[in-house]
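Below you'll find the structure, written out as structure tokens, and then a few comments.
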Amino acid sequence: MCPITCIMARFKDLNPITMKKRIWLLPAFLIVCGGIVAQPTKLKKANQYFEEGKYRQAIPLYEEVLGVEDLAEVKLRLAESHRFLGNYQASAQWYALTIGLPQSRPEDKFYYGLMLLRTGDCKGAERWFKDYLKYNPYDPRKQRLLNACGYIRELSKEQPGRVTLSLPDFNGPNSELGPAFFEDKLVFSTFRRPAEDPSQAFLDLFQVAIEDRGGARAYSTPQLFSSSLQSKFHEGLAAFSKGETEIYLTRTRRVPAYLPLDAEIQRLEIVTARRLPQGGWSNLQPLPFGSDHYSVVHPSVSSDGSRLFFSSDMPGGQGGKDLYLSFLENGQWGPPINLGPTVNTPDDEVFPFISDSGKLFFCSNGHLGLGGQDIFWTEEGHDGLWVLPRNLGTPFNSQSDDFAIIFNATEKEGYFTSNRSGGAGKDDIYFFRLAETGTPVQLDVVDLTTGAPIPYIRVLSSCGGDTLVSDAEGRLFFSLPDCCTLTGTAKGYQPRSLEACERKGELAADTLFLALALAPEGTAASRPAPEAPRGTSGNYMLNGVVLNQESGMPVVQAKVGLASVNCLEPASVFTDKQGRFTLSVEAGCCYQVRIERDNFFAQKMKQPICVRDGEYGQFVNAYLMPYASDPASEGDGVPVKMEAEAGAFGFDRSSNEESEGFSFRVNVYYDTGRSSVQRSSIPHLLRLLQLLKENPDIVVEISSHTDSNGESESNMALSQKRADAVVRFLVSEGVEKERLVARGYGESRLVNHCADGVPCTEEEHQQNRRTEFRVVGKVQQ
């Protein structure tokens, strides 16, 4: 991939280009590096072409220089030039000529392995990756590099019916890229040619309306998104804030006054504007971390508006372009934070997109993948650090460049950009929809003796005879079409099988979490069980305590049950006065824990409990959230100090004191005066849907409230329509209508002092514009 200096060439000639020219998608640094000092003019010109990304012009000049003088630096430049152009065979040949020279660097071994992998020699690639890792033993990509053949084979595996791709008809012969959702439209970047100089081309934002015609998508003719945001240079790659009140986009940074107007140094920056009440947008304002010395591009804003992700080549990164994060602090964006070496590589990580569920999607040519640029995703772990990114695999990724993915709120469909063959132009935007077939399964393969994950384990499924391979964390995802026997095999471990069945009915869409514990050869299953400690009966026990998530007090008479797909399930038990429980379990088995009690939301523990040989006692804390006052549930003991966290399924208790029972607030947002739910509210409604499926015996009231603005009669009618809209959504997702009561309260239940005639801020009025739910009864059996 070419350095950042290559980008301007793309917009001058629009010839077919590599992904590196696309990475910033706007003109960038045309700085001519010093190159190899005191070389002939021809070599200097070749180096200039290289730094500008004009590799096709640089290659013949480098070859002429080599015809006169044998220079290792020139051979390396030829290897890199061909790599940037995607000429993997030629690149591998040049790397082979330089890899043993004194001037060769450890990273050249990595790139040589990568070129061999691209040309089908995965065993040769693994050899050079292994050599590279001698110099970089703590590279986060280590396990994937050592098992490159199996990893690429798994990414390339076709999964019929998993994803449906289509090519929208608004794509043209040039390039359309960088999609973003806005209202019921799709905003994207494409090129325009000024009438005064048709040889030039500049990015602008365009939009198409989206219409759903019986499951099929129809699009309007592309129109300019906003003339007020347009300039004579480049604007593109937009992102919108929650509520779509702010826009963030990338544009050419103005040339500083101390540089000549014709200077070949042009940086990129992120700018923002606010949506005006009368329509249109305010003047664009640059974000505070732009610079004349580096570029900042590709914004993406989290659903709560508190985090901004972007890409930059600012100093101090891992190399190339890195992903950064900025937090909104007192109305200002804070200093950029590098996402670290687990996410960022010495190459390029660009086009971030943060989904409503917190998954961060991006594209990279530094992580192992199928093509030049592949799409990956990561998320924050429990320790606050980003986990090792996962490749989306086929069909999202191909041997070409795939990038700039976005998902809708349900993460079931979206768009991405690719220059793969079969498109309408150079870069095309593709629509995708994930199929919902069978029960989604997450299987974790672990070592029975240590509990550590076993990476790249082969799991044979009896359904279709498919062989699945776990990732570096010993985890794999798939769908169960029926009851299947899953058999895990690995060198040094005894094979083990379990039977798993698809879920039908109301839980059919829920992910089934399974664990497969393999015993090392010569241990566990092949030897007698260890002798129980003195004073025990030899039984394995699961002990725990159930606490009220709100008060921290023990919960009495809570029912605790275990579910297992490969072992006998013990009878359920009830907690004592201290909220304690004890269950008999079996070694080598994994269990899902479920706790329930009247006046509390039933809860499943997120992680399964796995019992290993020799560990006779395990202890867990479990928490239940009450939905009604129940003094009889309170046990003996001192309240436990609870961690500050959201309530049941991520919902907070409402401050409304007028309703009977406990009310919980749902973050549902509407356009002013309208009852239709905004797209940004879907994740919150899906959490409510999950709660109702986990608690199939409760009846809830969905209540909608307005602020005091407007006439009280109109507010009452509007709030009823909004409550009805939420109920319609839940019914459409399979919740029985008899379990839902829609009630609009208008402005009759304000949570603060902002009544008619009382001056209040917009934030105070927003507290009253809310949707809540509360349990009002049980389903009659």
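Scheme for the structure tokens: letters A, B, ... for chains in order shown; per-chain residue numbers from 1; ligand numbers from 1 in order shown.
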
For Lys130 in chain A, please output as a PyMOL selection string all residues within 9 Å (counting only C-alpha atoms; exclusion window: fewer than 2 positions along the same chain).
-> chain A and resi 110+125-128+132-134+142+145-146

Can those selected residues be exported to a file as a PDB file, in the first residue's frame so that it contains C-alpha atoms?
ATOM      1  CA  PHE A 110       6.498 -10.085   7.149  1.00  0.00           C
ATOM      2  CA  ALA A 125       4.261 -17.572   4.107  1.00  0.00           C
ATOM      3  CA  GLU A 126       4.111 -19.292   7.505  1.00  0.00           C
ATOM      4  CA  ARG A 127       7.872 -19.880   7.352  1.00  0.00           C
ATOM      5  CA  TRP A 128       8.626 -16.184   6.848  1.00  0.00           C
ATOM      6  CA  TYR A 132       9.520 -12.288  11.446  1.00  0.00           C
ATOM      7  CA  LEU A 133       8.109 -13.249  14.874  1.00  0.00           C
ATOM      8  CA  LYS A 134      11.636 -13.990  16.123  1.00  0.00           C
ATOM      9  CA  LYS A 142       1.176 -14.022  16.351  1.00  0.00           C
ATOM     10  CA  LEU A 145       0.478 -15.636  11.484  1.00  0.00           C
ATOM     11  CA  LEU A 146       1.704 -19.021  12.725  1.00  0.00           C
TER      12      LEU A 146
END

Please identify all polymer residues within 12 Å of Glu413 in chain A, counting only C-alpha atoms, omitting same-chain residues fewer than 3 positions from it, and present them as a JSON list (two decimals) with all heavy atoms, in the first residue's frame.
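Heads up, here's the output in out05.json:
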[["chain", "number", "residue", "atom", "x", "y", "z"],
["A", 162, "ARG", "N", -25.85, -17.18, 4.27],
["A", 162, "ARG", "CA", -25.54, -16.38, 5.44],
["A", 162, "ARG", "C", -25.78, -14.89, 5.19],
["A", 162, "ARG", "O", -26.32, -14.19, 6.04],
["A", 162, "ARG", "CB", -24.07, -16.60, 5.84],
["A", 162, "ARG", "CG", -23.60, -15.69, 6.98],
["A", 162, "ARG", "CD", -22.09, -15.72, 7.10],
["A", 162, "ARG", "NE", -21.62, -14.69, 8.00],
["A", 162, "ARG", "CZ", -20.44, -14.11, 7.93],
["A", 162, "ARG", "NH1", -19.61, -14.44, 6.97],
["A", 162, "ARG", "NH2", -20.07, -13.18, 8.79],
["A", 163, "VAL", "N", -25.38, -14.42, 4.02],
["A", 163, "VAL", "CA", -25.49, -13.00, 3.70],
["A", 163, "VAL", "C", -26.00, -12.86, 2.27],
["A", 163, "VAL", "O", -25.58, -13.60, 1.37],
["A", 163, "VAL", "CB", -24.12, -12.28, 3.82],
["A", 163, "VAL", "CG1", -24.28, -10.79, 3.55],
["A", 163, "VAL", "CG2", -23.49, -12.52, 5.18],
["A", 164, "THR", "N", -26.91, -11.92, 2.08],
["A", 164, "THR", "CA", -27.38, -11.59, 0.74],
["A", 164, "THR", "C", -26.79, -10.25, 0.33],
["A", 164, "THR", "O", -26.92, -9.25, 1.05],
["A", 164, "THR", "CB", -28.92, -11.49, 0.70],
["A", 164, "THR", "OG1", -29.48, -12.74, 1.11],
["A", 164, "THR", "CG2", -29.40, -11.16, -0.70],
["A", 165, "LEU", "N", -26.07, -10.22, -0.80],
["A", 165, "LEU", "CA", -25.47, -8.99, -1.32],
["A", 165, "LEU", "C", -26.21, -8.54, -2.56],
["A", 165, "LEU", "O", -26.67, -9.36, -3.36],
["A", 165, "LEU", "CB", -24.00, -9.22, -1.69],
["A", 165, "LEU", "CG", -23.00, -9.52, -0.58],
["A", 165, "LEU", "CD1", -21.60, -9.58, -1.16],
["A", 165, "LEU", "CD2", -23.06, -8.48, 0.51],
["A", 166, "SER", "N", -26.31, -7.22, -2.73],
["A", 166, "SER", "CA", -26.88, -6.67, -3.97],
["A", 166, "SER", "C", -26.16, -5.38, -4.29],
["A", 166, "SER", "O", -25.61, -4.70, -3.41],
["A", 166, "SER", "CB", -28.38, -6.42, -3.83],
["A", 166, "SER", "OG", -28.65, -5.47, -2.81],
["A", 181, "PHE", "N", -26.12, 6.56, 6.94],
["A", 181, "PHE", "CA", -27.57, 6.70, 7.05],
["A", 181, "PHE", "C", -27.92, 8.12, 7.47],
["A", 181, "PHE", "O", -27.28, 8.70, 8.35],
["A", 181, "PHE", "CB", -28.13, 5.72, 8.07],
["A", 181, "PHE", "CG", -28.07, 4.28, 7.64],
["A", 181, "PHE", "CD1", -27.23, 3.38, 8.29],
["A", 181, "PHE", "CD2", -28.84, 3.82, 6.59],
["A", 181, "PHE", "CE1", -27.18, 2.05, 7.90],
["A", 181, "PHE", "CE2", -28.80, 2.50, 6.18],
["A", 181, "PHE", "CZ", -27.95, 1.61, 6.84],
["A", 215, "GLY", "N", -39.50, -5.97, 0.81],
["A", 215, "GLY", "CA", -38.22, -6.61, 1.10],
["A", 215, "GLY", "C", -37.12, -6.22, 0.14],
["A", 215, "GLY", "O", -35.94, -6.39, 0.45],
["A", 217, "ARG", "N", -35.03, -3.29, -2.13],
["A", 217, "ARG", "CA", -34.67, -1.89, -1.97],
["A", 217, "ARG", "C", -34.76, -1.17, -3.31],
["A", 217, "ARG", "O", -34.28, -1.68, -4.33],
["A", 217, "ARG", "CB", -33.25, -1.77, -1.42],
["A", 217, "ARG", "CG", -33.12, -2.22, 0.04],
["A", 217, "ARG", "CD", -33.87, -1.27, 0.96],
["A", 217, "ARG", "NE", -33.82, -1.66, 2.34],
["A", 217, "ARG", "CZ", -33.00, -1.14, 3.24],
["A", 217, "ARG", "NH1", -32.13, -0.22, 2.88],
["A", 217, "ARG", "NH2", -33.04, -1.51, 4.50],
["A", 355, "SER", "N", -20.87, 0.87, 15.94],
["A", 355, "SER", "CA", -22.29, 0.49, 15.87],
["A", 355, "SER", "C", -22.99, 0.85, 17.17],
["A", 355, "SER", "O", -22.36, 1.15, 18.20],
["A", 355, "SER", "CB", -22.42, -1.00, 15.61],
["A", 355, "SER", "OG", -22.06, -1.75, 16.76],
["A", 405, "ILE", "N", -17.73, 0.05, 5.97],
["A", 405, "ILE", "CA", -18.98, -0.65, 6.24],
["A", 405, "ILE", "C", -19.80, 0.13, 7.26],
["A", 405, "ILE", "O", -19.26, 0.81, 8.13],
["A", 405, "ILE", "CB", -18.70, -2.08, 6.75],
["A", 405, "ILE", "CG1", -19.97, -2.94, 6.68],
["A", 405, "ILE", "CG2", -18.15, -2.06, 8.17],
["A", 405, "ILE", "CD1", -19.72, -4.42, 6.93],
["A", 406, "ILE", "N", -21.13, 0.07, 7.12],
["A", 406, "ILE", "CA", -22.04, 0.62, 8.12],
["A", 406, "ILE", "C", -23.16, -0.39, 8.34],
["A", 406, "ILE", "O", -23.50, -1.18, 7.46],
["A", 406, "ILE", "CB", -22.65, 1.98, 7.70],
["A", 406, "ILE", "CG1", -23.48, 1.84, 6.41],
["A", 406, "ILE", "CG2", -21.56, 3.04, 7.54],
["A", 406, "ILE", "CD1", -24.28, 3.09, 6.06],
["A", 407, "PHE", "N", -23.74, -0.38, 9.54],
["A", 407, "PHE", "CA", -24.86, -1.25, 9.89],
["A", 407, "PHE", "C", -26.03, -0.39, 10.34],
["A", 407, "PHE", "O", -25.85, 0.71, 10.89],
["A", 407, "PHE", "CB", -24.50, -2.18, 11.04],
["A", 407, "PHE", "CG", -23.63, -3.35, 10.64],
["A", 407, "PHE", "CD1", -22.25, -3.19, 10.50],
["A", 407, "PHE", "CD2", -24.18, -4.60, 10.43],
["A", 407, "PHE", "CE1", -21.45, -4.25, 10.15],
["A", 407, "PHE", "CE2", -23.38, -5.67, 10.08],
["A", 407, "PHE", "CZ", -22.02, -5.51, 9.93],
["A", 408, "ASN", "N", -27.24, -0.91, 10.13],
["A", 408, "ASN", "CA", -28.40, -0.23, 10.71],
["A", 408, "ASN", "C", -28.47, -0.55, 12.19],
["A", 408, "ASN", "O", -27.62, -1.27, 12.74],
["A", 408, "ASN", "CB", -29.69, -0.61, 9.97],
["A", 408, "ASN", "CG", -30.07, -2.07, 10.18],
["A", 408, "ASN", "OD1", -29.33, -2.85, 10.79],
["A", 408, "ASN", "ND2", -31.22, -2.46, 9.67],
["A", 409, "ALA", "N", -29.49, -0.05, 12.88],
["A", 409, "ALA", "CA", -29.55, -0.18, 14.33],
["A", 409, "ALA", "C", -29.66, -1.63, 14.78],
["A", 409, "ALA", "O", -29.18, -1.99, 15.85],
["A", 409, "ALA", "CB", -30.72, 0.64, 14.88],
["A", 410, "THR", "N", -30.30, -2.49, 14.00],
["A", 410, "THR", "CA", -30.44, -3.89, 14.38],
["A", 410, "THR", "C", -29.21, -4.72, 14.04],
["A", 410, "THR", "O", -29.11, -5.87, 14.44],
["A", 410, "THR", "CB", -31.66, -4.52, 13.70],
["A", 410, "THR", "OG1", -31.43, -4.57, 12.27],
["A", 410, "THR", "CG2", -32.92, -3.71, 13.97],
["A", 416, "PHE", "N", -21.51, -1.46, 2.41],
["A", 416, "PHE", "CA", -20.06, -1.31, 2.44],
["A", 416, "PHE", "C", -19.58, -1.01, 1.02],
["A", 416, "PHE", "O", -20.34, -1.11, 0.05],
["A", 416, "PHE", "CB", -19.37, -2.56, 3.01],
["A", 416, "PHE", "CG", -19.45, -3.78, 2.13],
["A", 416, "PHE", "CD1", -18.42, -4.11, 1.27],
["A", 416, "PHE", "CD2", -20.55, -4.63, 2.21],
["A", 416, "PHE", "CE1", -18.48, -5.25, 0.47],
["A", 416, "PHE", "CE2", -20.63, -5.77, 1.42],
["A", 416, "PHE", "CZ", -19.60, -6.08, 0.54],
["A", 430, "TYR", "N", -22.21, -1.59, -1.88],
["A", 430, "TYR", "CA", -23.02, -2.80, -1.88],
["A", 430, "TYR", "C", -23.97, -2.79, -0.68],
["A", 430, "TYR", "O", -23.61, -2.33, 0.41],
["A", 430, "TYR", "CB", -22.15, -4.05, -1.82],
["A", 430, "TYR", "CG", -21.40, -4.34, -3.10],
["A", 430, "TYR", "CD1", -20.22, -3.66, -3.40],
["A", 430, "TYR", "CD2", -21.87, -5.28, -4.00],
["A", 430, "TYR", "CE1", -19.54, -3.91, -4.58],
["A", 430, "TYR", "CE2", -21.18, -5.55, -5.19],
["A", 430, "TYR", "CZ", -20.02, -4.86, -5.46],
["A", 430, "TYR", "OH", -19.34, -5.12, -6.63],
["A", 431, "PHE", "N", -25.18, -3.31, -0.89],
["A", 431, "PHE", "CA", -26.13, -3.51, 0.19],
["A", 431, "PHE", "C", -26.06, -4.96, 0.64],
["A", 431, "PHE", "O", -25.94, -5.87, -0.19],
["A", 431, "PHE", "CB", -27.55, -3.18, -0.28],
["A", 431, "PHE", "CG", -28.63, -3.58, 0.71],
["A", 431, "PHE", "CD1", -28.80, -2.86, 1.88],
["A", 431, "PHE", "CD2", -29.45, -4.67, 0.47],
["A", 431, "PHE", "CE1", -29.78, -3.22, 2.80],
["A", 431, "PHE", "CE2", -30.44, -5.03, 1.37],
["A", 431, "PHE", "CZ", -30.60, -4.31, 2.54],
["A", 432, "PHE", "N", -26.12, -5.19, 1.95],
["A", 432, "PHE", "CA", -26.12, -6.56, 2.45],
["A", 432, "PHE", "C", -27.23, -6.74, 3.49],
["A", 432, "PHE", "O", -27.64, -5.80, 4.17],
["A", 432, "PHE", "CB", -24.77, -6.93, 3.07],
["A", 432, "PHE", "CG", -24.43, -6.17, 4.32],
["A", 432, "PHE", "CD1", -24.84, -6.60, 5.57],
["A", 432, "PHE", "CD2", -23.67, -5.00, 4.25],
["A", 432, "PHE", "CE1", -24.52, -5.90, 6.72],
["A", 432, "PHE", "CE2", -23.35, -4.28, 5.40],
["A", 432, "PHE", "CZ", -23.78, -4.75, 6.64],
["A", 433, "ARG", "N", -27.70, -7.96, 3.59],
["A", 433, "ARG", "CA", -28.68, -8.34, 4.60],
["A", 433, "ARG", "C", -28.28, -9.70, 5.16],
["A", 433, "ARG", "O", -28.02, -10.64, 4.41],
["A", 433, "ARG", "CB", -30.10, -8.40, 4.02],
["A", 433, "ARG", "CG", -31.15, -8.85, 5.03],
["A", 433, "ARG", "CD", -32.55, -8.82, 4.43],
["A", 433, "ARG", "NE", -33.03, -7.44, 4.31],
["A", 433, "ARG", "CZ", -33.59, -6.95, 3.21],
["A", 433, "ARG", "NH1", -33.70, -7.70, 2.13],
["A", 433, "ARG", "NH2", -34.02, -5.70, 3.18],
["A", 434, "LEU", "N", -28.19, -9.79, 6.49],
["A", 434, "LEU", "CA", -27.83, -11.05, 7.13],
["A", 434, "LEU", "C", -29.06, -11.94, 7.22],
["A", 434, "LEU", "O", -30.14, -11.49, 7.61],
["A", 434, "LEU", "CB", -27.28, -10.79, 8.54],
["A", 434, "LEU", "CG", -26.05, -9.89, 8.64],
["A", 434, "LEU", "CD1", -25.62, -9.75, 10.09],
["A", 434, "LEU", "CD2", -24.90, -10.46, 7.82],
["A", 435, "ALA", "N", -28.90, -13.19, 6.86],
["A", 435, "ALA", "CA", -30.00, -14.14, 6.92],
["A", 435, "ALA", "C", -30.20, -14.60, 8.36],
["A", 435, "ALA", "O", -29.24, -14.71, 9.14],
["A", 435, "ALA", "CB", -29.72, -15.33, 6.01],
["A", 436, "GLU", "N", -31.43, -14.87, 8.71],
["A", 436, "GLU", "CA", -31.74, -15.41, 10.03],
["A", 436, "GLU", "C", -32.18, -16.86, 9.84],
["A", 436, "GLU", "O", -33.36, -17.17, 9.70],
["A", 436, "GLU", "CB", -32.83, -14.59, 10.70],
["A", 436, "GLU", "CG", -32.40, -13.15, 10.97],
["A", 436, "GLU", "CD", -33.43, -12.38, 11.77],
["A", 436, "GLU", "OE1", -34.37, -13.02, 12.28],
["A", 436, "GLU", "OE2", -33.30, -11.17, 11.88]]

Using only C-alpha atoms, determine which residues lie at most 12 Å from Ser421 in chain A, disregarding the query and same-chain residues fewer than 2 positions distant; provide the list as an NGL selection string.
-> :A and (167 or 398-402 or 418-419 or 423-428)

Output all heavy atoms for every residue in the selection just made, as an mmCIF file, in the first residue's frame.
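Done, and the output landed in part-v5.cif:
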data_model
loop_
_atom_site.group_PDB
_atom_site.id
_atom_site.type_symbol
_atom_site.label_atom_id
_atom_site.label_comp_id
_atom_site.auth_asym_id
_atom_site.auth_seq_id
_atom_site.Cartn_x
_atom_site.Cartn_y
_atom_site.Cartn_z
ATOM 1 N N LEU A 167 -26.152 -5.024 -5.581
ATOM 2 C CA LEU A 167 -25.474 -3.821 -6.069
ATOM 3 C C LEU A 167 -26.535 -2.787 -6.421
ATOM 4 O O LEU A 167 -27.228 -2.916 -7.437
ATOM 5 C CB LEU A 167 -24.626 -4.152 -7.289
ATOM 6 C CG LEU A 167 -23.778 -3.019 -7.864
ATOM 7 C CD1 LEU A 167 -22.708 -2.585 -6.871
ATOM 8 C CD2 LEU A 167 -23.143 -3.451 -9.184
ATOM 9 N N SER A 398 -12.928 -9.796 0.092
ATOM 10 C CA SER A 398 -12.587 -10.476 -1.152
ATOM 11 C C SER A 398 -11.095 -10.288 -1.411
ATOM 12 O O SER A 398 -10.368 -9.761 -0.578
ATOM 13 C CB SER A 398 -13.408 -9.889 -2.313
ATOM 14 O OG SER A 398 -13.039 -8.525 -2.541
ATOM 15 N N GLN A 399 -10.630 -10.682 -2.581
ATOM 16 C CA GLN A 399 -9.236 -10.467 -2.943
ATOM 17 C C GLN A 399 -8.979 -9.026 -3.355
ATOM 18 O O GLN A 399 -7.834 -8.650 -3.594
ATOM 19 C CB GLN A 399 -8.845 -11.420 -4.074
ATOM 20 C CG GLN A 399 -8.845 -12.877 -3.667
ATOM 21 C CD GLN A 399 -8.403 -13.807 -4.778
ATOM 22 O OE1 GLN A 399 -8.263 -13.397 -5.930
ATOM 23 N NE2 GLN A 399 -8.175 -15.065 -4.447
ATOM 24 N N SER A 400 -10.035 -8.220 -3.414
ATOM 25 C CA SER A 400 -9.907 -6.796 -3.747
ATOM 26 C C SER A 400 -9.915 -5.983 -2.456
ATOM 27 O O SER A 400 -9.637 -6.505 -1.385
ATOM 28 C CB SER A 400 -11.044 -6.382 -4.687
ATOM 29 O OG SER A 400 -11.017 -7.160 -5.875
ATOM 30 N N ASP A 401 -10.255 -4.699 -2.574
ATOM 31 C CA ASP A 401 -10.310 -3.813 -1.415
ATOM 32 C C ASP A 401 -11.748 -3.678 -0.953
ATOM 33 O O ASP A 401 -12.632 -3.332 -1.746
ATOM 34 C CB ASP A 401 -9.762 -2.429 -1.771
ATOM 35 C CG ASP A 401 -8.297 -2.496 -2.176
ATOM 36 O OD1 ASP A 401 -7.549 -3.232 -1.522
ATOM 37 O OD2 ASP A 401 -7.923 -1.830 -3.156
ATOM 38 N N ASP A 402 -11.987 -3.918 0.330
ATOM 39 C CA ASP A 402 -13.322 -3.851 0.915
ATOM 40 C C ASP A 402 -13.238 -2.963 2.154
ATOM 41 O O ASP A 402 -12.380 -3.183 3.018
ATOM 42 C CB ASP A 402 -13.813 -5.245 1.270
ATOM 43 C CG ASP A 402 -13.717 -6.205 0.084
ATOM 44 O OD1 ASP A 402 -14.551 -6.094 -0.823
ATOM 45 O OD2 ASP A 402 -12.792 -7.035 0.080
ATOM 46 N N SER A 418 -16.592 -1.538 -2.094
ATOM 47 C CA SER A 418 -15.619 -2.502 -2.601
ATOM 48 C C SER A 418 -15.283 -2.173 -4.048
ATOM 49 O O SER A 418 -16.122 -1.635 -4.782
ATOM 50 C CB SER A 418 -16.180 -3.925 -2.513
ATOM 51 O OG SER A 418 -15.272 -4.870 -3.051
ATOM 52 N N ASN A 419 -14.060 -2.521 -4.453
ATOM 53 C CA ASN A 419 -13.688 -2.404 -5.862
ATOM 54 C C ASN A 419 -13.551 -3.786 -6.498
ATOM 55 O O ASN A 419 -12.842 -3.961 -7.483
ATOM 56 C CB ASN A 419 -12.393 -1.603 -6.026
ATOM 57 C CG ASN A 419 -11.175 -2.342 -5.483
ATOM 58 O OD1 ASN A 419 -11.295 -3.277 -4.690
ATOM 59 N ND2 ASN A 419 -9.989 -1.924 -5.900
ATOM 60 N N GLY A 423 -18.606 -5.051 -10.427
ATOM 61 C CA GLY A 423 -19.314 -3.844 -10.033
ATOM 62 C C GLY A 423 -19.649 -2.956 -11.207
ATOM 63 O O GLY A 423 -19.392 -3.285 -12.374
ATOM 64 N N ALA A 424 -20.216 -1.784 -10.897
ATOM 65 C CA ALA A 424 -20.597 -0.845 -11.947
ATOM 66 C C ALA A 424 -19.472 0.112 -12.292
ATOM 67 O O ALA A 424 -19.458 0.674 -13.382
ATOM 68 C CB ALA A 424 -21.832 -0.052 -11.513
ATOM 69 N N GLY A 425 -18.537 0.322 -11.370
ATOM 70 C CA GLY A 425 -17.460 1.275 -11.613
ATOM 71 C C GLY A 425 -16.198 0.870 -10.892
ATOM 72 O O GLY A 425 -15.908 -0.322 -10.739
ATOM 73 N N LYS A 426 -15.464 1.866 -10.421
ATOM 74 C CA LYS A 426 -14.197 1.586 -9.747
ATOM 75 C C LYS A 426 -14.441 1.167 -8.307
ATOM 76 O O LYS A 426 -14.044 0.096 -7.874
ATOM 77 C CB LYS A 426 -13.295 2.807 -9.832
ATOM 78 C CG LYS A 426 -12.916 3.161 -11.275
ATOM 79 C CD LYS A 426 -12.215 4.503 -11.365
ATOM 80 C CE LYS A 426 -11.911 4.850 -12.826
ATOM 81 N NZ LYS A 426 -11.333 6.194 -12.951
ATOM 82 N N ASP A 427 -15.064 2.044 -7.530
ATOM 83 C CA ASP A 427 -15.511 1.703 -6.181
ATOM 84 C C ASP A 427 -17.030 1.719 -6.203
ATOM 85 O O ASP A 427 -17.638 2.683 -6.680
ATOM 86 C CB ASP A 427 -15.006 2.721 -5.157
ATOM 87 C CG ASP A 427 -13.493 2.781 -5.097
ATOM 88 O OD1 ASP A 427 -12.875 1.707 -5.148
ATOM 89 O OD2 ASP A 427 -12.939 3.888 -4.999
ATOM 90 N N ASP A 428 -17.645 0.688 -5.645
ATOM 91 C CA ASP A 428 -19.102 0.595 -5.627
ATOM 92 C C ASP A 428 -19.594 0.349 -4.207
ATOM 93 O O ASP A 428 -18.895 -0.263 -3.384
ATOM 94 C CB ASP A 428 -19.593 -0.547 -6.519
ATOM 95 C CG ASP A 428 -19.282 -0.299 -7.985
ATOM 96 O OD1 ASP A 428 -19.768 0.707 -8.523
ATOM 97 O OD2 ASP A 428 -18.550 -1.112 -8.587
#

Record the distance separating CA of Met625 in chain A and CA of Val751 in chain A, expressed in Å with one decimal.
-> 22.3 Å

For range 312-339 of chain A against range 373-388 of chain A, with a cut-off of 12 Å and counting only C-alpha atoms, what is the closest atom pair and its distance in Å to one decimal for every residue that makes the cut, ordered by chain and number, as a tab-separated table?
residue	atom	partner	partner_atom	distance
A:Leu323	CA	A:Trp386	CA	11.7
A:Leu325	CA	A:Trp386	CA	11.8
A:Asn338	CA	A:Trp386	CA	11.0
A:Leu339	CA	A:Trp386	CA	7.3

6 Å contact set for Thr272 in chain A, only C-alpha atoms, chain neighbours under 3 positions out, as an mmCIF file with all heavy atoms, in the first residue's frame:
data_model
loop_
_atom_site.group_PDB
_atom_site.id
_atom_site.type_symbol
_atom_site.label_atom_id
_atom_site.label_comp_id
_atom_site.auth_asym_id
_atom_site.auth_seq_id
_atom_site.Cartn_x
_atom_site.Cartn_y
_atom_site.Cartn_z
ATOM 1 N N ILE A 247 -23.437 17.055 11.741
ATOM 2 C CA ILE A 247 -22.740 16.304 10.702
ATOM 3 C C ILE A 247 -21.241 16.474 10.894
ATOM 4 O O ILE A 247 -20.771 17.545 11.291
ATOM 5 C CB ILE A 247 -23.159 16.766 9.291
ATOM 6 C CG1 ILE A 247 -22.498 15.879 8.214
ATOM 7 C CG2 ILE A 247 -22.828 18.226 9.053
ATOM 8 C CD1 ILE A 247 -22.975 16.194 6.800
ATOM 9 N N TYR A 248 -20.511 15.385 10.670
ATOM 10 C CA TYR A 248 -19.050 15.408 10.681
ATOM 11 C C TYR A 248 -18.586 14.886 9.327
ATOM 12 O O TYR A 248 -19.115 13.889 8.825
ATOM 13 C CB TYR A 248 -18.490 14.529 11.789
ATOM 14 C CG TYR A 248 -18.874 14.972 13.181
ATOM 15 C CD1 TYR A 248 -20.106 14.630 13.726
ATOM 16 C CD2 TYR A 248 -18.008 15.742 13.948
ATOM 17 C CE1 TYR A 248 -20.475 15.042 14.998
ATOM 18 C CE2 TYR A 248 -18.355 16.157 15.225
ATOM 19 C CZ TYR A 248 -19.591 15.807 15.747
ATOM 20 O OH TYR A 248 -19.946 16.224 17.009
ATOM 21 N N LEU A 284 -19.279 25.308 8.550
ATOM 22 C CA LEU A 284 -18.412 24.217 8.978
ATOM 23 C C LEU A 284 -17.321 24.735 9.903
ATOM 24 O O LEU A 284 -16.705 25.770 9.635
ATOM 25 C CB LEU A 284 -17.793 23.526 7.770
ATOM 26 C CG LEU A 284 -18.753 22.712 6.894
ATOM 27 C CD1 LEU A 284 -18.076 22.335 5.579
ATOM 28 C CD2 LEU A 284 -19.227 21.465 7.630
ATOM 29 N N GLN A 285 -17.085 24.002 10.983
ATOM 30 C CA GLN A 285 -16.046 24.356 11.932
ATOM 31 C C GLN A 285 -15.088 23.172 12.092
ATOM 32 O O GLN A 285 -15.522 22.035 12.270
ATOM 33 C CB GLN A 285 -16.651 24.702 13.298
ATOM 34 C CG GLN A 285 -17.579 25.896 13.280
ATOM 35 C CD GLN A 285 -16.852 27.177 12.917
ATOM 36 O OE1 GLN A 285 -15.691 27.365 13.304
ATOM 37 N NE2 GLN A 285 -17.531 28.066 12.202
#
